[in-house]
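Visitor: I'd like to ask some things about the structure below.
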Amino acid sequence: MCIRELPVTLEGAEHNKYASNMLQVINVQSQSSVYEKALEPLRETAKILDLHESIVKVLSEPEKTLIVSLPIRMDDGQIEVFTGYRVRHNTARGPAKGGIRYHPNVCLDEVKALAYWMTLKNGVVGLAYGGGKGGITCDPKKMSKAELERLTRSYASAIARFIGPNLDVPASDVGTDSQMMGWFMDEYIKIVGQSLPSIITAKPLSIGGSKGRETATGRGTFFVTVEAAKAFSMPLKGASVSIQGYGKVARPVAQYLYDVGCKIVAVSDSTGGAYNAKGMHPLKLVEHKKSTGSVKGFPGSIEIGVVDPITVDCDVLIPAALENQITEKNAHEVKSKLLIEEANGPTTPEADKILRKKGVIVIPDILANAGGVTVSYFEWVQNRMGYYWTEEEVDEKLKTVMVKAFTDTYETCKEHEVDMRTGAYTLSISRLVDAMKALGRI
Ligand code: NAD
């Protein structure tokens, strides 16, 4: 539960209009913890791998947690205090790796869950990384560019001694972009007095970003979707696809699937949604969102709600917004055959059970959206070599990693006769446990 962090978050919430959803979030979080839900599949995996309870205990707690208070002068001259977090879940397989989220719902409980999923995700794709995550409780949509720059620089300086290129490497996530990664890197460089681009990934190309990083999560999701379609004998050509969210990771996957003949029948963002059974053009949707601020009202479409893409008639469902969107309340109404989790944690454990009973094939987040961290890893490797790859080289390496991760997961599923989520957890946790044993930590 979020109980331990209540005093920290409440203080900020009472005084900070830029994080105005916090009180409401705390109420929701104290009833049901994202982190507790995130840990549920671990228990099933522990049975398969015959893990001692003490190992489950170790894996259930992050190695280190940092909470920082960030006083920022806003454009109107007032000082607002924001709360920032960085959680290092596990570093047995390498430095912690995971993005930074700016969102009103960010709280310690959520950041812990996201850090834990990063450890598992990096294990599934076999990267030499552990897992971490960071975030600030704020609403970036209500802040000016100058305020966001001051907030990002303040956060970078507050967590600088907690992170490092060999220790904990952040990147972007919901509500953050490559410009913010640039500000973060600049602040870090000033503190350590060295040029260290490998401190953060998803940076602009001009300061050491990798080719292909912007579309990497969507590209990886696409490769996994193609493999899943082959493995479960579902042709993609002509398949109808519904996507919740239309941000950084959703837009590229919509385009790649459209390019191989899929119909994008539904999309949504935080303001509303659009549905057209005949399909919608992904790029035109981007242009419409750019000019109107929303995907709703797209020409020729019917207006739907933000959660409706989950339950529309479709062959492939891709949740690509936030966690806990598919719950026991709407899982019964999911109509797709294949569900590809591009968002982190979009399905609650209760909903997962319902989907399994219905025979929906769920490709779990820790596999489906691992393309982003894979190209972040490539970016980090290129920064350390000081030698940069072409877009084609990055794409080829990404495809190799994603196809292998799918095959390894699929083989694990067959070996243990389990679903894809349990297979991915089993694969990742067995790799993690091997590393922890080799280090003598367990
Ligand atoms: P983003 O901020 O670029 O986009 C989020 C999208 O979700 C936006 O279109 C927003 O309007 C929409 N949204 C927010 N709340 C919604 C709601 N209640 N209903 C419908 N839509 C809603 O973020 P992103 O980077 O695209 O991340 C999306 C998801 O993918 C997150 O779960 C994130 O953790 C995960 N992810 C991101 C990356 C990455 O490289 N950025 C990598 C792996 C996983």
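Here's how to read the names in the structure tokens: chain A, B, ... by the order shown, residue numbers from 1 in each chain, ligand numbers from 1 in the order shown.
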List the spatial neighbours of region 303-313 of chain A as a PDB file with all heavy atoms, in the first residue's frame - criterion: any atom at most 7 Å away, only C-alpha atoms, same-chain residues fewer than 3 positions off excluded.
Guide:
ATOM      1  N   SER A 242      -7.040  -2.111 -32.170  1.00  0.00           N
ATOM      2  CA  SER A 242      -7.546  -1.032 -31.327  1.00  0.00           C
ATOM      3  C   SER A 242      -6.458  -0.645 -30.329  1.00  0.00           C
ATOM      4  O   SER A 242      -5.835  -1.513 -29.702  1.00  0.00           O
ATOM      5  CB  SER A 242      -8.794  -1.536 -30.575  1.00  0.00           C
ATOM      6  OG  SER A 242      -9.201  -0.560 -29.655  1.00  0.00           O
ATOM      7  N   ILE A 243      -6.226   0.668 -30.188  1.00  0.00           N
ATOM      8  CA  ILE A 243      -5.110   1.132 -29.346  1.00  0.00           C
ATOM      9  C   ILE A 243      -5.596   2.147 -28.320  1.00  0.00           C
ATOM     10  O   ILE A 243      -6.218   3.152 -28.675  1.00  0.00           O
ATOM     11  CB  ILE A 243      -4.004   1.787 -30.216  1.00  0.00           C
ATOM     12  CG1 ILE A 243      -3.555   0.819 -31.320  1.00  0.00           C
ATOM     13  CG2 ILE A 243      -2.823   2.205 -29.360  1.00  0.00           C
ATOM     14  CD1 ILE A 243      -2.505   1.381 -32.272  1.00  0.00           C
ATOM     15  N   GLN A 244      -5.321   1.880 -27.040  1.00  0.00           N
ATOM     16  CA  GLN A 244      -5.622   2.892 -26.012  1.00  0.00           C
ATOM     17  C   GLN A 244      -4.381   3.718 -25.764  1.00  0.00           C
ATOM     18  O   GLN A 244      -3.331   3.175 -25.407  1.00  0.00           O
ATOM     19  CB  GLN A 244      -6.064   2.242 -24.696  1.00  0.00           C
ATOM     20  CG  GLN A 244      -6.585   3.289 -23.716  1.00  0.00           C
ATOM     21  CD  GLN A 244      -6.521   2.870 -22.260  1.00  0.00           C
ATOM     22  OE1 GLN A 244      -5.739   2.018 -21.884  1.00  0.00           O
ATOM     23  NE2 GLN A 244      -7.338   3.501 -21.438  1.00  0.00           N
ATOM     24  N   ALA A 266      -9.646   1.794 -33.715  1.00  0.00           N
ATOM     25  CA  ALA A 266      -9.940   2.659 -32.556  1.00  0.00           C
ATOM     26  C   ALA A 266      -8.649   3.156 -31.917  1.00  0.00           C
ATOM     27  O   ALA A 266      -7.665   2.421 -31.844  1.00  0.00           O
ATOM     28  CB  ALA A 266     -10.761   1.883 -31.516  1.00  0.00           C
ATOM     29  N   VAL A 267      -8.658   4.414 -31.486  1.00  0.00           N
ATOM     30  CA  VAL A 267      -7.557   4.972 -30.689  1.00  0.00           C
ATOM     31  C   VAL A 267      -8.168   5.922 -29.663  1.00  0.00           C
ATOM     32  O   VAL A 267      -9.301   6.397 -29.838  1.00  0.00           O
ATOM     33  CB  VAL A 267      -6.509   5.761 -31.525  1.00  0.00           C
ATOM     34  CG1 VAL A 267      -5.772   4.879 -32.506  1.00  0.00           C
ATOM     35  CG2 VAL A 267      -7.141   6.929 -32.245  1.00  0.00           C
ATOM     36  N   SER A 268      -7.402   6.192 -28.591  1.00  0.00           N
ATOM     37  CA  SER A 268      -7.868   7.201 -27.637  1.00  0.00           C
ATOM     38  C   SER A 268      -6.664   7.889 -27.023  1.00  0.00           C
ATOM     39  O   SER A 268      -5.536   7.415 -27.150  1.00  0.00           O
ATOM     40  CB  SER A 268      -8.730   6.573 -26.535  1.00  0.00           C
ATOM     41  OG  SER A 268      -7.941   5.790 -25.677  1.00  0.00           O
ATOM     42  N   ASP A 269      -6.910   9.031 -26.407  1.00  0.00           N
ATOM     43  CA  ASP A 269      -5.889   9.658 -25.567  1.00  0.00           C
ATOM     44  C   ASP A 269      -6.596  10.123 -24.300  1.00  0.00           C
ATOM     45  O   ASP A 269      -7.766   9.771 -24.083  1.00  0.00           O
ATOM     46  CB  ASP A 269      -5.140  10.785 -26.314  1.00  0.00           C
ATOM     47  CG  ASP A 269      -6.064  11.863 -26.825  1.00  0.00           C
ATOM     48  OD1 ASP A 269      -7.135  12.083 -26.204  1.00  0.00           O
ATOM     49  OD2 ASP A 269      -5.733  12.514 -27.831  1.00  0.00           O
ATOM     50  N   SER A 270      -5.913  10.934 -23.477  1.00  0.00           N
ATOM     51  CA  SER A 270      -6.525  11.263 -22.187  1.00  0.00           C
ATOM     52  C   SER A 270      -7.767  12.148 -22.331  1.00  0.00           C
ATOM     53  O   SER A 270      -8.504  12.339 -21.367  1.00  0.00           O
ATOM     54  CB  SER A 270      -5.501  11.946 -21.284  1.00  0.00           C
ATOM     55  OG  SER A 270      -5.004  13.098 -21.917  1.00  0.00           O
ATOM     56  N   THR A 271      -8.027  12.662 -23.532  1.00  0.00           N
ATOM     57  CA  THR A 271      -9.184  13.556 -23.709  1.00  0.00           C
ATOM     58  C   THR A 271     -10.376  12.891 -24.395  1.00  0.00           C
ATOM     59  O   THR A 271     -11.473  13.447 -24.414  1.00  0.00           O
ATOM     60  CB  THR A 271      -8.802  14.796 -24.544  1.00  0.00           C
ATOM     61  OG1 THR A 271      -8.377  14.335 -25.835  1.00  0.00           O
ATOM     62  CG2 THR A 271      -7.677  15.589 -23.903  1.00  0.00           C
ATOM     63  N   GLY A 272     -10.179  11.711 -24.999  1.00  0.00           N
ATOM     64  CA  GLY A 272     -11.288  11.056 -25.692  1.00  0.00           C
ATOM     65  C   GLY A 272     -10.774  10.083 -26.734  1.00  0.00           C
ATOM     66  O   GLY A 272      -9.560   9.842 -26.816  1.00  0.00           O
ATOM     67  N   GLY A 273     -11.696   9.528 -27.542  1.00  0.00           N
ATOM     68  CA  GLY A 273     -11.267   8.526 -28.509  1.00  0.00           C
ATOM     69  C   GLY A 273     -12.004   8.629 -29.832  1.00  0.00           C
ATOM     70  O   GLY A 273     -12.983   9.385 -29.971  1.00  0.00           O
ATOM     71  N   ALA A 274     -11.511   7.847 -30.812  1.00  0.00           N
ATOM     72  CA  ALA A 274     -12.116   7.832 -32.148  1.00  0.00           C
ATOM     73  C   ALA A 274     -12.241   6.393 -32.620  1.00  0.00           C
ATOM     74  O   ALA A 274     -11.321   5.592 -32.405  1.00  0.00           O
ATOM     75  CB  ALA A 274     -11.233   8.632 -33.113  1.00  0.00           C
ATOM     76  N   TYR A 275     -13.378   6.067 -33.241  1.00  0.00           N
ATOM     77  CA  TYR A 275     -13.612   4.714 -33.756  1.00  0.00           C
ATOM     78  C   TYR A 275     -14.124   4.773 -35.190  1.00  0.00           C
ATOM     79  O   TYR A 275     -15.011   5.579 -35.514  1.00  0.00           O
ATOM     80  CB  TYR A 275     -14.653   3.990 -32.878  1.00  0.00           C
ATOM     81  CG  TYR A 275     -15.051   2.643 -33.419  1.00  0.00           C
ATOM     82  CD1 TYR A 275     -14.259   1.519 -33.192  1.00  0.00           C
ATOM     83  CD2 TYR A 275     -16.207   2.488 -34.187  1.00  0.00           C
ATOM     84  CE1 TYR A 275     -14.597   0.281 -33.709  1.00  0.00           C
ATOM     85  CE2 TYR A 275     -16.563   1.247 -34.706  1.00  0.00           C
ATOM     86  CZ  TYR A 275     -15.758   0.146 -34.468  1.00  0.00           C
ATOM     87  OH  TYR A 275     -16.095  -1.079 -34.991  1.00  0.00           O
ATOM     88  N   LYS A 296      -9.940  12.694 -30.667  1.00  0.00           N
ATOM     89  CA  LYS A 296     -11.405  12.692 -30.851  1.00  0.00           C
ATOM     90  C   LYS A 296     -11.784  13.707 -31.942  1.00  0.00           C
ATOM     91  O   LYS A 296     -11.063  14.673 -32.175  1.00  0.00           O
ATOM     92  CB  LYS A 296     -12.141  12.935 -29.536  1.00  0.00           C
ATOM     93  CG  LYS A 296     -12.084  14.315 -29.012  1.00  0.00           C
ATOM     94  CD  LYS A 296     -12.877  14.418 -27.724  1.00  0.00           C
ATOM     95  CE  LYS A 296     -12.700  15.827 -27.181  1.00  0.00           C
ATOM     96  NZ  LYS A 296     -13.035  15.986 -25.801  1.00  0.00           N
ATOM     97  N   GLY A 297     -12.896  13.416 -32.605  1.00  0.00           N
ATOM     98  CA  GLY A 297     -13.324  14.313 -33.680  1.00  0.00           C
ATOM     99  C   GLY A 297     -12.588  14.059 -34.975  1.00  0.00           C
ATOM    100  O   GLY A 297     -12.701  14.846 -35.926  1.00  0.00           O
ATOM    101  N   LEU A 317      -5.685  -6.024 -29.637  1.00  0.00           N
ATOM    102  CA  LEU A 317      -5.860  -4.891 -28.712  1.00  0.00           C
ATOM    103  C   LEU A 317      -4.494  -4.504 -28.150  1.00  0.00           C
ATOM    104  O   LEU A 317      -3.747  -5.358 -27.676  1.00  0.00           O
ATOM    105  CB  LEU A 317      -6.812  -5.311 -27.580  1.00  0.00           C
ATOM    106  CG  LEU A 317      -6.906  -4.361 -26.373  1.00  0.00           C
ATOM    107  CD1 LEU A 317      -7.420  -2.981 -26.797  1.00  0.00           C
ATOM    108  CD2 LEU A 317      -7.843  -4.961 -25.312  1.00  0.00           C
ATOM    109  N   GLU A 333     -15.477  -7.920 -21.248  1.00  0.00           N
ATOM    110  CA  GLU A 333     -15.949  -7.341 -22.525  1.00  0.00           C
ATOM    111  C   GLU A 333     -14.859  -7.233 -23.584  1.00  0.00           C
ATOM    112  O   GLU A 333     -15.107  -6.719 -24.667  1.00  0.00           O
ATOM    113  CB  GLU A 333     -16.506  -5.945 -22.261  1.00  0.00           C
ATOM    114  CG  GLU A 333     -17.777  -5.934 -21.427  1.00  0.00           C
ATOM    115  CD  GLU A 333     -18.124  -4.510 -21.070  1.00  0.00           C
ATOM    116  OE1 GLU A 333     -18.394  -3.733 -21.992  1.00  0.00           O
ATOM    117  OE2 GLU A 333     -18.079  -4.185 -19.872  1.00  0.00           O
ATOM    118  N   VAL A 334     -13.642  -7.684 -23.242  1.00  0.00           N
ATOM    119  CA  VAL A 334     -12.562  -7.638 -24.249  1.00  0.00           C
ATOM    120  C   VAL A 334     -12.910  -8.623 -25.365  1.00  0.00           C
ATOM    121  O   VAL A 334     -13.248  -9.767 -25.108  1.00  0.00           O
ATOM    122  CB  VAL A 334     -11.193  -8.005 -23.595  1.00  0.00           C
ATOM    123  CG1 VAL A 334     -10.128  -8.255 -24.646  1.00  0.00           C
ATOM    124  CG2 VAL A 334     -10.759  -6.894 -22.642  1.00  0.00           C
ATOM    125  N   LYS A 335     -12.830  -8.145 -26.620  1.00  0.00           N
ATOM    126  CA  LYS A 335     -13.250  -9.000 -27.741  1.00  0.00           C
ATOM    127  C   LYS A 335     -12.087  -9.465 -28.610  1.00  0.00           C
ATOM    128  O   LYS A 335     -12.275 -10.274 -29.505  1.00  0.00           O
ATOM    129  CB  LYS A 335     -14.275  -8.254 -28.596  1.00  0.00           C
ATOM    130  CG  LYS A 335     -15.560  -7.982 -27.812  1.00  0.00           C
ATOM    131  CD  LYS A 335     -16.516  -7.089 -28.544  1.00  0.00           C
ATOM    132  CE  LYS A 335     -17.643  -6.643 -27.630  1.00  0.00           C
ATOM    133  NZ  LYS A 335     -17.245  -5.620 -26.646  1.00  0.00           N
ATOM    134  N   SER A 336     -10.881  -8.932 -28.361  1.00  0.00           N
ATOM    135  CA  SER A 336      -9.748  -9.278 -29.228  1.00  0.00           C
ATOM    136  C   SER A 336      -9.247 -10.686 -28.932  1.00  0.00           C
ATOM    137  O   SER A 336      -9.454 -11.212 -27.834  1.00  0.00           O
ATOM    138  CB  SER A 336      -8.610  -8.287 -29.013  1.00  0.00           C
ATOM    139  OG  SER A 336      -8.074  -8.474 -27.726  1.00  0.00           O
TER     140      SER A 336
END
Visitor: To check your reading of the model: which residues sit at most 8 Å from ligand 1 when counting only C-alpha atoms and all ligand atoms? Write the answer as an MDAnalysis selection string.
Guide: chainID A and resid 99 101 114 171:177 202 213:214 216:217 244:250 268:273 294 306:307 320:323 325 342:346 365 369:373
Visitor: Among region 37-225 of chain A, which ones does DSSP assign to helix (DSSP H, G or I) (computed from the backbone)? Answer as a ChimeraX atom specification.
Guide: /A:37-49,53-59,108-124,140-142,145-162,178-192,197-199,205-207,216-225
Visitor: Could you pull the residues within 8 Å of region 81-88 of chain A, counting only C-alpha atoms, minus those fewer than 2 positions along the same chain, as a compact mmCIF listing (two decimals) with N, CA and C atoms, in the first residue's frame?
Guide:
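Below is the file part_20.txt, written as the result:
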# COMPACT_ATOMS: atom_id res chain seq x y z
N VAL A 8 4.40 12.41 3.09
CA VAL A 8 5.19 13.15 2.10
C VAL A 8 4.27 13.71 1.04
N THR A 9 3.43 12.85 0.50
CA THR A 9 2.63 13.24 -0.65
C THR A 9 1.52 14.21 -0.25
N GLY A 12 2.65 17.86 -0.05
CA GLY A 12 2.77 18.49 -1.36
C GLY A 12 1.41 18.79 -1.94
N HIS A 15 -0.66 21.96 -0.99
CA HIS A 15 -0.17 23.28 -1.38
C HIS A 15 0.11 23.45 -2.86
N ASN A 16 0.07 22.36 -3.63
CA ASN A 16 0.59 22.45 -4.98
C ASN A 16 -0.48 22.22 -6.03
N ALA A 19 0.01 19.74 -9.04
CA ALA A 19 -0.06 18.30 -8.82
C ALA A 19 -1.41 18.00 -8.18
N PRO A 62 12.68 -3.22 -3.34
CA PRO A 62 13.73 -2.54 -4.09
C PRO A 62 15.01 -2.42 -3.27
N GLU A 63 16.16 -2.39 -3.98
CA GLU A 63 17.44 -2.24 -3.26
C GLU A 63 17.51 -0.89 -2.57
N LYS A 64 17.14 0.18 -3.29
CA LYS A 64 17.25 1.53 -2.72
C LYS A 64 16.14 2.42 -3.23
N THR A 65 15.71 3.34 -2.37
CA THR A 65 14.63 4.26 -2.72
C THR A 65 15.03 5.66 -2.28
N LEU A 66 14.83 6.62 -3.15
CA LEU A 66 15.15 8.01 -2.80
C LEU A 66 13.91 8.89 -3.05
N ILE A 67 13.54 9.69 -2.05
CA ILE A 67 12.44 10.65 -2.22
C ILE A 67 13.04 12.05 -2.05
N VAL A 68 12.80 12.91 -3.02
CA VAL A 68 13.38 14.26 -2.94
C VAL A 68 12.29 15.32 -3.02
N SER A 69 12.56 16.41 -2.35
CA SER A 69 11.64 17.54 -2.36
C SER A 69 12.23 18.60 -3.30
N LEU A 70 11.42 19.09 -4.23
CA LEU A 70 11.94 19.96 -5.28
C LEU A 70 11.22 21.32 -5.27
N PRO A 71 11.77 22.31 -4.57
CA PRO A 71 11.13 23.63 -4.60
C PRO A 71 11.47 24.36 -5.90
N ILE A 72 10.44 24.78 -6.63
CA ILE A 72 10.64 25.39 -7.96
C ILE A 72 9.97 26.75 -8.01
N ILE A 79 6.74 30.03 -5.23
CA ILE A 79 7.52 28.78 -5.14
C ILE A 79 6.55 27.62 -4.88
N ASN A 90 16.77 -3.59 -8.66
CA ASN A 90 17.76 -4.66 -8.58
C ASN A 90 18.92 -4.38 -9.53
N THR A 91 20.15 -4.64 -9.08
CA THR A 91 21.31 -4.37 -9.93
C THR A 91 22.18 -5.61 -10.13
N ALA A 96 21.04 -0.31 -12.82
CA ALA A 96 19.58 -0.14 -12.88
C ALA A 96 19.26 0.70 -14.12
N CYS A 107 3.47 8.24 -7.58
CA CYS A 107 3.69 8.11 -6.13
C CYS A 107 4.71 6.99 -5.94
N LEU A 108 5.23 6.85 -4.74
CA LEU A 108 6.29 5.87 -4.50
C LEU A 108 5.86 4.46 -4.91
N VAL A 111 6.13 4.05 -8.63
CA VAL A 111 7.52 4.04 -9.10
C VAL A 111 8.19 2.71 -8.74
N LYS A 112 7.85 2.16 -7.56
CA LYS A 112 8.40 0.86 -7.16
C LYS A 112 7.95 -0.23 -8.15
N ALA A 115 9.80 0.18 -11.42
CA ALA A 115 11.21 -0.22 -11.30
C ALA A 115 11.33 -1.76 -11.32
N GLY A 131 16.99 -3.10 -12.89
CA GLY A 131 15.81 -2.27 -13.12
C GLY A 131 15.72 -1.10 -12.16
N GLY A 132 15.28 0.05 -12.67
CA GLY A 132 15.04 1.23 -11.84
C GLY A 132 13.96 2.09 -12.47
N LYS A 133 13.51 3.09 -11.77
CA LYS A 133 12.52 4.01 -12.34
C LYS A 133 12.50 5.27 -11.50
N GLY A 134 12.05 6.36 -12.12
CA GLY A 134 11.94 7.62 -11.39
C GLY A 134 10.68 8.36 -11.80
N GLY A 135 10.36 9.39 -11.05
CA GLY A 135 9.19 10.18 -11.43
C GLY A 135 9.02 11.39 -10.54
N ILE A 136 8.21 12.30 -11.02
CA ILE A 136 7.85 13.49 -10.24
C ILE A 136 6.33 13.63 -10.29
N THR A 137 5.73 13.88 -9.13
CA THR A 137 4.28 14.10 -9.09
C THR A 137 4.03 15.53 -9.59
N CYS A 138 3.59 15.64 -10.81
CA CYS A 138 3.35 16.97 -11.39
C CYS A 138 2.46 16.80 -12.62
N TYR A 155 15.55 18.22 -10.32
CA TYR A 155 15.46 16.77 -10.07
C TYR A 155 16.82 16.11 -10.36
N ILE A 159 19.06 14.05 -7.57
CA ILE A 159 19.32 12.59 -7.58
C ILE A 159 20.70 12.25 -8.14
N ASP A 168 22.99 3.50 -12.32
CA ASP A 168 21.55 3.70 -12.52
C ASP A 168 21.38 4.74 -13.63
Visitor: Find the residues around region 38-52 of chain A up to 8 Å (only C-alpha atoms counted), leave out those fewer than 5 positions away in its own chain, and share them as a PyMOL selection string.
Guide: chain A and resi 60+113+117+345+349+416+422+425-426+429-430
Visitor: Looking only at the backbone, which of the residues in region 149-243 of chain A does DSSP tag as strand (DSSP E), as a list in words?
Guide: Asp168, Val169, Ser240, Val241, Ser242 and Ile243 of chain A
Visitor: When you draw a straight line from CA of Gly164 (chain A) to CA of Lys57 (chain A), how long is it in Å?
Guide: 26.6 Å
Visitor: Which polymer residues have any atom within 12 Å of an atom of Ser195 (chain A), counting only C-alpha atoms, with same-chain residues fewer than 3 positions away left out, as a VMD selection string?
Guide: chain A and resid 165 185 to 192 198 to 200 207 to 208 383 to 384 386
Visitor: Could you turn the residues from that selection into a file that holds N, CA and C atoms, as a PDB file, in the first residue's frame?
Guide:
ATOM      1  N   PRO A 165      26.475   6.294 -14.718  1.00  0.00           N
ATOM      2  CA  PRO A 165      26.481   5.443 -15.916  1.00  0.00           C
ATOM      3  C   PRO A 165      26.723   3.964 -15.613  1.00  0.00           C
ATOM      4  N   MET A 185      20.853  15.779 -18.630  1.00  0.00           N
ATOM      5  CA  MET A 185      22.265  15.456 -18.885  1.00  0.00           C
ATOM      6  C   MET A 185      23.149  16.671 -18.617  1.00  0.00           C
ATOM      7  N   ASP A 186      22.700  17.846 -19.048  1.00  0.00           N
ATOM      8  CA  ASP A 186      23.492  19.068 -18.861  1.00  0.00           C
ATOM      9  C   ASP A 186      23.732  19.333 -17.376  1.00  0.00           C
ATOM     10  N   GLU A 187      22.690  19.166 -16.581  1.00  0.00           N
ATOM     11  CA  GLU A 187      22.808  19.402 -15.140  1.00  0.00           C
ATOM     12  C   GLU A 187      23.779  18.400 -14.507  1.00  0.00           C
ATOM     13  N   TYR A 188      23.664  17.144 -14.936  1.00  0.00           N
ATOM     14  CA  TYR A 188      24.537  16.091 -14.386  1.00  0.00           C
ATOM     15  C   TYR A 188      26.002  16.378 -14.730  1.00  0.00           C
ATOM     16  N   ILE A 189      26.225  16.769 -16.000  1.00  0.00           N
ATOM     17  CA  ILE A 189      27.596  17.068 -16.455  1.00  0.00           C
ATOM     18  C   ILE A 189      28.204  18.192 -15.613  1.00  0.00           C
ATOM     19  N   LYS A 190      27.387  19.205 -15.307  1.00  0.00           N
ATOM     20  CA  LYS A 190      27.886  20.331 -14.502  1.00  0.00           C
ATOM     21  C   LYS A 190      28.299  19.844 -13.106  1.00  0.00           C
ATOM     22  N   ILE A 191      27.544  18.914 -12.560  1.00  0.00           N
ATOM     23  CA  ILE A 191      27.817  18.431 -11.198  1.00  0.00           C
ATOM     24  C   ILE A 191      29.081  17.571 -11.159  1.00  0.00           C
ATOM     25  N   VAL A 192      29.210  16.634 -12.151  1.00  0.00           N
ATOM     26  CA  VAL A 192      30.358  15.716 -12.080  1.00  0.00           C
ATOM     27  C   VAL A 192      31.592  16.278 -12.800  1.00  0.00           C
ATOM     28  N   SER A 198      26.468   8.798 -21.322  1.00  0.00           N
ATOM     29  CA  SER A 198      25.864   7.511 -20.941  1.00  0.00           C
ATOM     30  C   SER A 198      25.108   7.587 -19.610  1.00  0.00           C
ATOM     31  N   ILE A 199      24.973   8.793 -19.028  1.00  0.00           N
ATOM     32  CA  ILE A 199      24.209   8.934 -17.790  1.00  0.00           C
ATOM     33  C   ILE A 199      22.707   8.811 -18.038  1.00  0.00           C
ATOM     34  N   ILE A 200      22.287   9.106 -19.274  1.00  0.00           N
ATOM     35  CA  ILE A 200      20.840   9.074 -19.560  1.00  0.00           C
ATOM     36  C   ILE A 200      20.627   8.680 -21.022  1.00  0.00           C
ATOM     37  N   ILE A 207      23.282  15.102 -29.087  1.00  0.00           N
ATOM     38  CA  ILE A 207      24.118  14.982 -27.873  1.00  0.00           C
ATOM     39  C   ILE A 207      24.342  13.510 -27.497  1.00  0.00           C
ATOM     40  N   GLY A 208      24.282  12.635 -28.501  1.00  0.00           N
ATOM     41  CA  GLY A 208      24.627  11.228 -28.240  1.00  0.00           C
ATOM     42  C   GLY A 208      23.445  10.281 -28.184  1.00  0.00           C
ATOM     43  N   ASN A 383      27.411   5.300 -26.567  1.00  0.00           N
ATOM     44  CA  ASN A 383      28.000   6.395 -25.798  1.00  0.00           C
ATOM     45  C   ASN A 383      29.329   5.967 -25.174  1.00  0.00           C
ATOM     46  N   ARG A 384      29.358   4.748 -24.680  1.00  0.00           N
ATOM     47  CA  ARG A 384      30.570   4.272 -24.005  1.00  0.00           C
ATOM     48  C   ARG A 384      31.685   3.966 -25.004  1.00  0.00           C
ATOM     49  N   GLY A 386      31.818   5.559 -27.958  1.00  0.00           N
ATOM     50  CA  GLY A 386      32.070   6.774 -28.733  1.00  0.00           C
ATOM     51  C   GLY A 386      31.995   6.503 -30.223  1.00  0.00           C
TER      52      GLY A 386
END
Visitor: For each of A:Ile326, A:Leu427, A:Val224, A:Met280, take the minimum atom-to-atom distance to Thr409 (chain A), counting only C-alpha atoms, then give the residue where this is smallest.
Guide: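 Answer, going by the shortest atom-to-atom distance: A:Leu427.
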Visitor: So that I can see what lies close to Phe223 (chain A), please list as a ChimeraX atom specification the residues with an atom at most 9 Å from it, counting only C-alpha atoms and leaving out residues fewer than 6 positions away in the same chain.
Guide: /A:368,371,398-399,402-403
Visitor: For Tyr377 (chain A), which of A:Val34, A:Leu236, A:Leu151, A:Val401 is the closest residue, counting only C-alpha atoms?
Guide: A:Val401
Visitor: Would you compute the distance between CA of Thr390 (chain A) and CA of Pro204 (chain A)? Give it in Å to one decimal.
Guide: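 Taking CA of Thr390 (chain A) as the start and CA of Pro204 (chain A) as the end point, the length is 15.1 Å.
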Visitor: Quick check, in Å to one decimal: how far apart do CA of Thr119 (chain A) and CA of His89 (chain A) lie?
Guide: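 CA of Thr119 (chain A) sits 6.9 Å away from CA of His89 (chain A).
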